[in-house]
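Novice: Here you go, this is upload.txt (compact mmCIF, C-alpha atoms and all ligand atoms).
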```txt
# COMPACT_ATOMS: atom_id res chain seq x y z
CA MET A 1 -55.89 10.07 -1.26
CA ALA A 2 -55.09 8.36 -4.56
CA SER A 3 -56.89 5.64 -6.48
CA VAL A 4 -54.51 2.69 -6.81
CA LEU A 5 -54.90 -0.33 -9.08
CA VAL A 6 -53.30 -3.63 -8.05
CA LEU A 7 -53.13 -6.18 -10.87
CA TYR A 8 -51.81 -9.71 -10.60
CA ALA A 9 -52.10 -13.30 -11.78
CA THR A 10 -51.48 -16.44 -9.77
CA HIS A 11 -51.32 -20.24 -10.03
CA GLU A 12 -51.42 -21.42 -6.43
CA GLY A 13 -52.69 -18.25 -4.72
CA GLN A 14 -49.58 -16.77 -3.07
CA THR A 15 -49.41 -13.76 -5.40
CA ALA A 16 -53.10 -13.11 -4.70
CA LYS A 17 -52.30 -13.06 -0.95
CA VAL A 18 -49.49 -10.55 -1.54
CA ALA A 19 -51.76 -8.39 -3.73
CA GLU A 20 -54.34 -8.38 -0.90
CA ARG A 21 -51.71 -7.43 1.70
CA LEU A 22 -50.42 -4.59 -0.50
CA SER A 23 -54.00 -3.47 -0.96
CA SER A 24 -54.87 -3.53 2.76
CA THR A 25 -51.68 -1.64 3.66
CA LEU A 26 -52.36 1.05 1.04
CA ASP A 27 -55.97 1.16 2.19
CA GLU A 28 -54.85 1.77 5.80
CA LEU A 29 -52.77 4.69 4.49
CA GLY A 30 -55.96 6.25 3.12
CA HIS A 31 -55.78 5.20 -0.52
CA ASP A 32 -58.67 3.88 -2.55
CA VAL A 33 -57.48 0.48 -3.85
CA ALA A 34 -58.91 -1.80 -6.56
CA VAL A 35 -57.48 -5.33 -6.90
CA ARG A 36 -57.92 -7.27 -10.16
CA ASP A 37 -56.90 -10.83 -11.07
CA LEU A 38 -55.75 -10.79 -14.71
CA SER A 39 -56.60 -14.50 -15.02
CA GLN A 40 -60.25 -13.48 -14.48
CA THR A 41 -60.38 -10.26 -16.48
CA THR A 42 -58.11 -8.15 -18.64
CA ASP A 43 -60.84 -5.56 -19.14
CA VAL A 44 -59.13 -2.95 -16.95
CA ALA A 45 -58.80 0.75 -17.76
CA VAL A 46 -55.40 1.59 -16.25
CA GLY A 47 -55.74 5.29 -17.14
CA GLU A 48 -58.69 5.70 -14.74
CA TYR A 49 -56.36 5.30 -11.73
CA ASP A 50 -53.64 7.46 -10.15
CA ALA A 51 -51.14 4.63 -9.74
CA VAL A 52 -50.70 0.97 -10.65
CA LEU A 53 -48.92 -2.08 -9.24
CA VAL A 54 -48.54 -5.25 -11.31
CA GLY A 55 -47.58 -8.62 -9.83
CA SER A 56 -46.68 -12.09 -11.05
CA PRO A 57 -45.07 -15.26 -9.76
CA VAL A 58 -42.17 -16.81 -11.64
CA ASN A 59 -43.15 -20.09 -13.20
CA ASN A 60 -40.59 -22.08 -15.17
CA ARG A 61 -38.30 -19.04 -15.25
CA LYS A 62 -41.00 -16.75 -16.69
CA HIS A 63 -43.80 -14.53 -15.45
CA LEU A 64 -47.34 -15.68 -16.12
CA PRO A 65 -48.32 -15.06 -19.77
CA GLU A 66 -51.48 -13.08 -18.92
CA VAL A 67 -49.35 -10.56 -16.98
CA VAL A 68 -46.74 -10.26 -19.74
CA ALA A 69 -49.47 -9.82 -22.40
CA PHE A 70 -51.27 -7.18 -20.30
CA VAL A 71 -48.06 -5.22 -19.72
CA GLU A 72 -47.21 -5.39 -23.42
CA GLU A 73 -50.65 -4.09 -24.41
CA ASN A 74 -50.86 -1.39 -21.72
CA ARG A 75 -47.21 -0.36 -21.40
CA GLU A 76 -47.76 3.32 -22.17
CA ALA A 77 -50.75 3.69 -19.82
CA ILE A 78 -48.82 1.95 -17.02
CA ALA A 79 -45.66 4.00 -17.59
CA ALA A 80 -47.69 7.25 -17.54
CA LEU A 81 -48.57 6.62 -13.86
CA PRO A 82 -46.44 6.06 -10.78
CA ASN A 83 -46.03 2.27 -11.06
CA ALA A 84 -44.46 -0.80 -9.52
CA PHE A 85 -43.87 -4.47 -10.26
CA PHE A 86 -43.93 -7.14 -7.55
CA GLN A 87 -42.65 -10.64 -8.12
CA LEU A 88 -42.93 -13.91 -6.21
CA SER A 89 -40.36 -16.60 -6.72
CA LEU A 90 -38.30 -19.16 -4.89
CA ALA A 91 -35.21 -17.54 -6.40
CA SER A 92 -35.75 -14.73 -3.83
CA LEU A 93 -34.81 -17.26 -1.14
CA TRP A 94 -31.25 -17.29 -2.48
CA GLY A 95 -30.87 -13.52 -2.92
CA GLU A 96 -31.83 -10.69 -5.24
CA ARG A 97 -29.47 -11.32 -8.16
CA GLU A 98 -31.27 -14.29 -9.71
CA ALA A 99 -34.72 -12.83 -8.84
CA ASN A 100 -33.79 -9.54 -10.50
CA ARG A 101 -32.86 -11.36 -13.69
CA PHE A 102 -36.53 -12.28 -14.25
CA VAL A 103 -37.51 -8.60 -13.93
CA ALA A 104 -34.79 -7.64 -16.42
CA ASN A 105 -36.26 -10.23 -18.83
CA LEU A 106 -39.72 -8.73 -18.39
CA THR A 107 -38.37 -5.26 -19.19
CA GLU A 108 -36.60 -6.62 -22.26
CA GLU A 109 -39.74 -8.41 -23.44
CA THR A 110 -42.26 -5.62 -22.83
CA GLY A 111 -40.21 -2.41 -22.75
CA TRP A 112 -41.69 -1.56 -19.32
CA GLN A 113 -39.16 -0.26 -16.78
CA PRO A 114 -41.08 -0.24 -13.46
CA ASP A 115 -40.56 2.75 -11.13
CA ARG A 116 -40.37 0.43 -8.13
CA VAL A 117 -39.72 -3.34 -7.88
CA GLY A 118 -40.66 -5.63 -4.99
CA LEU A 119 -39.01 -9.08 -4.90
CA PHE A 120 -40.65 -11.54 -2.53
CA ALA A 121 -40.14 -15.19 -1.75
CA GLY A 122 -43.23 -17.23 -2.58
CA ALA A 123 -44.45 -20.57 -1.30
CA VAL A 124 -44.21 -24.27 -1.99
CA ALA A 125 -47.81 -25.46 -2.19
CA TYR A 126 -47.36 -29.25 -2.15
CA THR A 127 -51.05 -29.80 -1.43
CA GLN A 128 -51.98 -28.13 -4.73
CA TYR A 129 -49.37 -29.73 -7.00
CA ASP A 130 -49.93 -32.72 -9.24
CA LEU A 131 -47.78 -35.77 -8.48
CA PRO A 132 -44.82 -35.01 -10.81
CA THR A 133 -44.59 -31.39 -9.56
CA ARG A 134 -44.85 -32.55 -5.94
CA LEU A 135 -42.02 -35.04 -6.44
CA LEU A 136 -39.87 -32.51 -8.28
CA PHE A 137 -40.31 -29.89 -5.54
CA LYS A 138 -39.65 -32.50 -2.83
CA LEU A 139 -36.39 -33.38 -4.58
CA VAL A 140 -35.30 -29.75 -4.98
CA SER A 141 -36.34 -28.93 -1.39
CA ALA A 142 -34.32 -31.86 -0.06
CA VAL A 143 -31.13 -30.17 -1.26
CA THR A 144 -32.18 -26.57 -0.54
CA THR A 145 -34.65 -25.70 2.24
CA GLY A 146 -35.10 -29.20 3.67
CA ASP A 147 -38.88 -28.64 3.65
CA THR A 148 -39.94 -32.03 2.26
CA ASP A 149 -43.18 -32.83 4.11
CA THR A 150 -45.57 -32.99 1.14
CA SER A 151 -48.66 -33.22 3.36
CA ARG A 152 -48.43 -29.48 4.00
CA ASP A 153 -47.45 -26.19 2.31
CA TYR A 154 -44.50 -23.93 3.12
CA GLU A 155 -44.82 -20.16 2.98
CA TYR A 156 -41.61 -18.12 2.71
CA THR A 157 -43.09 -14.67 2.08
CA ASP A 158 -41.77 -11.92 4.34
CA TRP A 159 -45.03 -10.14 5.18
CA GLU A 160 -43.26 -7.27 6.90
CA GLY A 161 -41.28 -6.77 3.68
CA VAL A 162 -44.53 -6.69 1.69
CA GLU A 163 -45.99 -4.02 4.01
CA THR A 164 -42.77 -1.98 3.87
CA PHE A 165 -42.88 -2.11 0.07
CA ALA A 166 -46.49 -0.83 0.11
CA ARG A 167 -45.56 2.01 2.49
CA GLU A 168 -42.54 2.97 0.38
CA PHE A 169 -44.69 2.96 -2.75
CA ALA A 170 -47.22 5.23 -0.99
CA ALA A 171 -44.38 7.66 -0.11
CA PHE A 172 -43.18 7.59 -3.73
CA LEU A 173 -46.74 8.23 -4.91
CA ALA A 174 -47.02 11.26 -2.59
CA GLU A 175 -43.70 12.64 -3.93
CA ALA A 176 -44.79 12.05 -7.53
CA SER A 177 -48.11 13.84 -7.05
CA GLU A 178 -46.39 16.77 -5.26
CA ALA A 179 -44.00 17.06 -8.22
CA ARG A 180 -46.97 16.99 -10.61
CA THR A 181 -48.78 19.72 -8.61
CA ALA A 182 -45.62 21.89 -8.63
CA GLU A 183 -45.26 21.33 -12.38
CA ALA A 184 -48.91 22.34 -12.96
CA ALA A 185 -48.42 25.47 -10.78
CA GLY A 186 -45.30 26.31 -12.84
CA ARG A 187 -47.31 25.92 -16.06
CA ASN A 188 -50.04 28.21 -14.64
CA ARG A 189 -47.46 30.85 -13.73
CA THR A 190 -46.07 30.71 -17.27
CA TRP A 191 -49.55 31.26 -18.74
CA VAL A 192 -50.21 34.21 -16.41
CA ALA A 193 -46.85 35.76 -17.44
CA VAL A 194 -47.66 35.26 -21.15
CA ALA A 195 -51.13 36.82 -20.68
CA LEU A 196 -49.59 39.83 -18.86
CA VAL A 197 -46.99 40.39 -21.59
CA LEU A 198 -49.73 40.24 -24.27
CA LEU A 199 -51.94 42.63 -22.31
CA VAL A 200 -49.17 45.17 -21.70
CA GLY A 201 -48.01 44.85 -25.33
CA GLY A 202 -51.58 45.35 -26.58
CA LEU A 203 -52.08 48.41 -24.37
CA ALA A 204 -48.76 49.89 -25.50
CA ALA A 205 -49.66 49.34 -29.18
CA ALA A 206 -53.14 50.88 -28.70
CA TYR A 207 -51.58 53.87 -26.92
CA TRP A 208 -48.99 54.29 -29.66
CA PHE A 209 -51.63 54.24 -32.46
CA ALA A 210 -53.88 56.65 -30.56
CA PHE A 211 -50.94 58.99 -29.92
CA ARG A 212 -49.90 58.96 -33.63
CA ARG A 213 -53.42 59.74 -34.75
CA LEU A 214 -53.71 62.60 -32.27
CA ALA A 215 -50.33 64.00 -33.43
CA ARG A 216 -51.45 63.76 -37.11
CA GLU A 217 -54.80 65.44 -36.41
CA SER A 218 -53.23 68.27 -34.42
CA ALA A 219 -50.69 68.85 -37.29
CA TRP A 220 -53.63 69.53 -39.61
C1 LIG A 301 -44.48 -25.40 -11.80
C2 LIG A 301 -43.73 -24.35 -11.03
C3 LIG A 301 -42.63 -23.76 -11.60
C4 LIG A 301 -41.90 -22.79 -10.89
N1 LIG A 301 -40.81 -22.21 -11.46
C5 LIG A 301 -40.06 -21.34 -10.75
C6 LIG A 301 -38.87 -20.78 -11.32
O1 LIG A 301 -38.51 -21.02 -12.46
N2 LIG A 301 -38.15 -19.92 -10.55
C7 LIG A 301 -38.50 -19.60 -9.26
O2 LIG A 301 -37.78 -18.86 -8.61
N3 LIG A 301 -39.66 -20.09 -8.72
C8 LIG A 301 -40.41 -20.95 -9.41
N4 LIG A 301 -41.59 -21.47 -8.88
C9 LIG A 301 -41.98 -21.04 -7.53
C10 LIG A 301 -43.12 -20.03 -7.59
O3 LIG A 301 -42.70 -18.81 -8.10
C11 LIG A 301 -43.67 -19.85 -6.17
O4 LIG A 301 -44.15 -21.08 -5.74
C12 LIG A 301 -44.76 -18.79 -6.07
O5 LIG A 301 -45.08 -18.63 -4.70
C13 LIG A 301 -45.99 -19.17 -6.85
O6 LIG A 301 -46.94 -18.13 -6.78
P1 LIG A 301 -48.51 -18.35 -6.97
O7 LIG A 301 -48.98 -19.15 -5.76
O8 LIG A 301 -49.07 -16.99 -6.98
O9 LIG A 301 -48.69 -19.09 -8.25
C14 LIG A 301 -42.32 -22.43 -9.59
C15 LIG A 301 -43.46 -23.03 -9.03
C16 LIG A 301 -44.17 -23.96 -9.74
C17 LIG A 301 -45.37 -24.60 -9.12
```
Any chance you could put this one into structure tokens?
Ligand SMILES: Cc1cc2nc3c(=O)[nH]c(=O)nc-3n(C[C@H](O)[C@H](O)[C@H](O)COP(=O)(O)O)c2cc1C
Specialist:
Amino acid sequence: MASVLVLYATHEGQTAKVAERLSSTLDELGHDVAVRDLSQTTDVAVGEYDAVLVGSPVNNRKHLPEVVAFVEENREAIAALPNAFFQLSLASLWGEREANRFVANLTEETGWQPDRVGLFAGAVAYTQYDLPTRLLFKLVSAVTTGDTDTSRDYEYTDWEGVETFAREFAAFLAEASEARTAEAAGRNRTWVAVALVLLVGGLAAAYWFAFRRLARESAW
């Protein structure tokens, strides 16, 4: 069982829902999961966990600033653990190429190259938008999804895909910790070998000195 940190920020709540689903799936697999909203707190000690997942929606072609700032400030601590980035966007509705571009921008901006990346379609939350945003999304939806009823929201997230991503991350985490255990065992074996060489060398030297002394004394 590993302790896993899930960090995210959200505007309309869809990324929070995905963070919760990742958390519950990892929890079912026996992991101890902590979920933190970076809009509420950035006082998070990444190094206290065994693994970390960071998530953000795309908003005006960028990830939310609190996520980018957190990644910038904690890049080394995040990269030291098995890690993943998950992204929500509408670009994911049209394929991975455009959605992946936002992740590439994040890597360029922060220097963080996530071990695993999850790209998920988000939602159109008409009921939460102000009037200009609602009208803009209605216009865009009219020529794309056709989902123009502004009295309701539309959710495009593939929940099975989210659960699969969590399971694959758990498998990756297991592999990473096995590799770490093997590495530690290898280091231990090296230390035992060094200790044995020193011991044998020490004994040989002591024997040699004792033998020389005995030979000198008997010559007298
Ligand atoms: C103001 C606004 C701007 C957005 N800009 C983009 C964008 O540039 N690219 C994109 O693919 N999705 C864009 N989206 C869609 C969001 O990524 C999507 O709605 C996501 O589910 C929002 O997640 P949240 O509910 O966690 O905030 C935008 C949404 C809003 C409301």
Novice: Fewer than 2 positions away in the same chain doesn't count, so skip those; otherwise give me all residues within 12 Å of segment 62-71 of chain A, counting all atoms listed in the file, as a VMD selection string.
Specialist: chain A and resid 6 to 12 15 36 to 46 52 to 60 73 to 79 83 to 89 91 99 to 114
Novice: Take the selection from the previous step and output its residues with C-alpha atoms, as a PDB file, keeping the file's coordinate frame.
Specialist:
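The resulting out-v7.pdb:
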```pdb
ATOM      1  CA  VAL A   6     -53.300  -3.630  -8.050  1.00  0.00           C
ATOM      2  CA  LEU A   7     -53.130  -6.180 -10.870  1.00  0.00           C
ATOM      3  CA  TYR A   8     -51.810  -9.710 -10.600  1.00  0.00           C
ATOM      4  CA  ALA A   9     -52.100 -13.300 -11.780  1.00  0.00           C
ATOM      5  CA  THR A  10     -51.480 -16.440  -9.770  1.00  0.00           C
ATOM      6  CA  HIS A  11     -51.320 -20.240 -10.030  1.00  0.00           C
ATOM      7  CA  GLU A  12     -51.420 -21.420  -6.430  1.00  0.00           C
ATOM      8  CA  THR A  15     -49.410 -13.760  -5.400  1.00  0.00           C
ATOM      9  CA  ARG A  36     -57.920  -7.270 -10.160  1.00  0.00           C
ATOM     10  CA  ASP A  37     -56.900 -10.830 -11.070  1.00  0.00           C
ATOM     11  CA  LEU A  38     -55.750 -10.790 -14.710  1.00  0.00           C
ATOM     12  CA  SER A  39     -56.600 -14.500 -15.020  1.00  0.00           C
ATOM     13  CA  GLN A  40     -60.250 -13.480 -14.480  1.00  0.00           C
ATOM     14  CA  THR A  41     -60.380 -10.260 -16.480  1.00  0.00           C
ATOM     15  CA  THR A  42     -58.110  -8.150 -18.640  1.00  0.00           C
ATOM     16  CA  ASP A  43     -60.840  -5.560 -19.140  1.00  0.00           C
ATOM     17  CA  VAL A  44     -59.130  -2.950 -16.950  1.00  0.00           C
ATOM     18  CA  ALA A  45     -58.800   0.750 -17.760  1.00  0.00           C
ATOM     19  CA  VAL A  46     -55.400   1.590 -16.250  1.00  0.00           C
ATOM     20  CA  VAL A  52     -50.700   0.970 -10.650  1.00  0.00           C
ATOM     21  CA  LEU A  53     -48.920  -2.080  -9.240  1.00  0.00           C
ATOM     22  CA  VAL A  54     -48.540  -5.250 -11.310  1.00  0.00           C
ATOM     23  CA  GLY A  55     -47.580  -8.620  -9.830  1.00  0.00           C
ATOM     24  CA  SER A  56     -46.680 -12.090 -11.050  1.00  0.00           C
ATOM     25  CA  PRO A  57     -45.070 -15.260  -9.760  1.00  0.00           C
ATOM     26  CA  VAL A  58     -42.170 -16.810 -11.640  1.00  0.00           C
ATOM     27  CA  ASN A  59     -43.150 -20.090 -13.200  1.00  0.00           C
ATOM     28  CA  ASN A  60     -40.590 -22.080 -15.170  1.00  0.00           C
ATOM     29  CA  GLU A  73     -50.650  -4.090 -24.410  1.00  0.00           C
ATOM     30  CA  ASN A  74     -50.860  -1.390 -21.720  1.00  0.00           C
ATOM     31  CA  ARG A  75     -47.210  -0.360 -21.400  1.00  0.00           C
ATOM     32  CA  GLU A  76     -47.760   3.320 -22.170  1.00  0.00           C
ATOM     33  CA  ALA A  77     -50.750   3.690 -19.820  1.00  0.00           C
ATOM     34  CA  ILE A  78     -48.820   1.950 -17.020  1.00  0.00           C
ATOM     35  CA  ALA A  79     -45.660   4.000 -17.590  1.00  0.00           C
ATOM     36  CA  ASN A  83     -46.030   2.270 -11.060  1.00  0.00           C
ATOM     37  CA  ALA A  84     -44.460  -0.800  -9.520  1.00  0.00           C
ATOM     38  CA  PHE A  85     -43.870  -4.470 -10.260  1.00  0.00           C
ATOM     39  CA  PHE A  86     -43.930  -7.140  -7.550  1.00  0.00           C
ATOM     40  CA  GLN A  87     -42.650 -10.640  -8.120  1.00  0.00           C
ATOM     41  CA  LEU A  88     -42.930 -13.910  -6.210  1.00  0.00           C
ATOM     42  CA  SER A  89     -40.360 -16.600  -6.720  1.00  0.00           C
ATOM     43  CA  ALA A  91     -35.210 -17.540  -6.400  1.00  0.00           C
ATOM     44  CA  ALA A  99     -34.720 -12.830  -8.840  1.00  0.00           C
ATOM     45  CA  ASN A 100     -33.790  -9.540 -10.500  1.00  0.00           C
ATOM     46  CA  ARG A 101     -32.860 -11.360 -13.690  1.00  0.00           C
ATOM     47  CA  PHE A 102     -36.530 -12.280 -14.250  1.00  0.00           C
ATOM     48  CA  VAL A 103     -37.510  -8.600 -13.930  1.00  0.00           C
ATOM     49  CA  ALA A 104     -34.790  -7.640 -16.420  1.00  0.00           C
ATOM     50  CA  ASN A 105     -36.260 -10.230 -18.830  1.00  0.00           C
ATOM     51  CA  LEU A 106     -39.720  -8.730 -18.390  1.00  0.00           C
ATOM     52  CA  THR A 107     -38.370  -5.260 -19.190  1.00  0.00           C
ATOM     53  CA  GLU A 108     -36.600  -6.620 -22.260  1.00  0.00           C
ATOM     54  CA  GLU A 109     -39.740  -8.410 -23.440  1.00  0.00           C
ATOM     55  CA  THR A 110     -42.260  -5.620 -22.830  1.00  0.00           C
ATOM     56  CA  GLY A 111     -40.210  -2.410 -22.750  1.00  0.00           C
ATOM     57  CA  TRP A 112     -41.690  -1.560 -19.320  1.00  0.00           C
ATOM     58  CA  GLN A 113     -39.160  -0.260 -16.780  1.00  0.00           C
ATOM     59  CA  PRO A 114     -41.080  -0.240 -13.460  1.00  0.00           C
TER      60      PRO A 114
END
```
Novice: Would you mind reading off the distance between atom N3 of ligand LIG 301 (chain A) and atom CA of Thr133 of chain A, one decimal, in Å?
Specialist: 12.4 Å
Novice: Quick one: of A:Leu119, A:Ala16, A:Met1, A:Leu81, who's nearest to Arg180 of chain A, counting only C-alpha atoms?
Specialist: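 Counting only C-alpha atoms, the residue closest to Arg180 of chain A is A:Leu81.
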Novice: Output, as AutoDock Vina command-line options, the centre and edge lengths in Å (one decimal) of the axis-aligned box that contains all listed atoms of ligand LIG 301 (chain A) with 4 Å of margin on each side.
Specialist:
```
--center_x -43.4 --center_y -21.2 --center_z -8.6 --size_x 19.3 --size_y 16.4 --size_z 15.8
```
Novice: Quick one: everything within 10 Å of Asp27 of chain A, counting all atoms listed in the file, minus sequence neighbours fewer than 6 positions away in the same chain. Send it as a PyMOL selection string.
Specialist: chain A and resi 1-4+21+33-34+166
Novice: Residues at most 12 Å from Thr144 of chain A, counting only C-alpha atoms, excluding those fewer than 5 positions away in the same chain, as a PyMOL selection string?
Specialist: chain A and resi 90-91+93-94+137-139
Novice: In terms of the shortest atom-to-atom distance over all atoms listed in the file, which of A:Asp115, A:Glu155, A:Glu28, A:Asp50 is closest to ligand LIG 301 (chain A)?
Specialist: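 Using all atoms listed in the file, the shortest distance to ligand LIG 301 (chain A) belongs to A:Glu155.
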Novice: Calculated over all atoms listed in the file, which of the candidates A:Gly202, A:Gly30, A:Pro82, A:Gly13 has the smallest distance to ligand LIG 301 (chain A)?
Specialist: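 Of A:Gly202, A:Gly30, A:Pro82, A:Gly13, the one nearest ligand LIG 301 (chain A), counting all atoms listed in the file, is A:Gly13.
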Novice: Quick check, in Å to one decimal: how far apart do atom CA of Ala51 of chain A and atom CA of Ala179 of chain A lie?
Specialist: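 Atom CA of Ala51 of chain A sits 14.4 Å away from atom CA of Ala179 of chain A.
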Novice: Determine, counting all atoms listed in the file, which protein, DNA and RNA residues have an atom within 12 Å of an atom of Asp147 of chain A; residues of the same chain fewer than 3 positions away are not included. Present the result as a PDB file with C-alpha atoms, keeping the file's coordinate frame.
Specialist:
```pdb
ATOM      1  CA  ALA A 123     -44.450 -20.570  -1.300  1.00  0.00           C
ATOM      2  CA  VAL A 124     -44.210 -24.270  -1.990  1.00  0.00           C
ATOM      3  CA  ALA A 125     -47.810 -25.460  -2.190  1.00  0.00           C
ATOM      4  CA  TYR A 126     -47.360 -29.250  -2.150  1.00  0.00           C
ATOM      5  CA  ARG A 134     -44.850 -32.550  -5.940  1.00  0.00           C
ATOM      6  CA  PHE A 137     -40.310 -29.890  -5.540  1.00  0.00           C
ATOM      7  CA  LYS A 138     -39.650 -32.500  -2.830  1.00  0.00           C
ATOM      8  CA  LEU A 139     -36.390 -33.380  -4.580  1.00  0.00           C
ATOM      9  CA  VAL A 140     -35.300 -29.750  -4.980  1.00  0.00           C
ATOM     10  CA  SER A 141     -36.340 -28.930  -1.390  1.00  0.00           C
ATOM     11  CA  ALA A 142     -34.320 -31.860  -0.060  1.00  0.00           C
ATOM     12  CA  VAL A 143     -31.130 -30.170  -1.260  1.00  0.00           C
ATOM     13  CA  THR A 144     -32.180 -26.570  -0.540  1.00  0.00           C
ATOM     14  CA  THR A 150     -45.570 -32.990   1.140  1.00  0.00           C
ATOM     15  CA  SER A 151     -48.660 -33.220   3.360  1.00  0.00           C
ATOM     16  CA  ARG A 152     -48.430 -29.480   4.000  1.00  0.00           C
ATOM     17  CA  ASP A 153     -47.450 -26.190   2.310  1.00  0.00           C
ATOM     18  CA  TYR A 154     -44.500 -23.930   3.120  1.00  0.00           C
ATOM     19  CA  GLU A 155     -44.820 -20.160   2.980  1.00  0.00           C
ATOM     20  CA  TYR A 156     -41.610 -18.120   2.710  1.00  0.00           C
TER      21      TYR A 156
END
```
Novice: Can you list, as number ranges by chain, every protein, DNA or RNA residue that comes within 12 Å of Thr164 of chain A when you count all atoms listed in the file, leaving out same-chain residues fewer than 3 positions away?
Specialist: A: 21-22, 25-26, 118-120, 158-161, 167-171
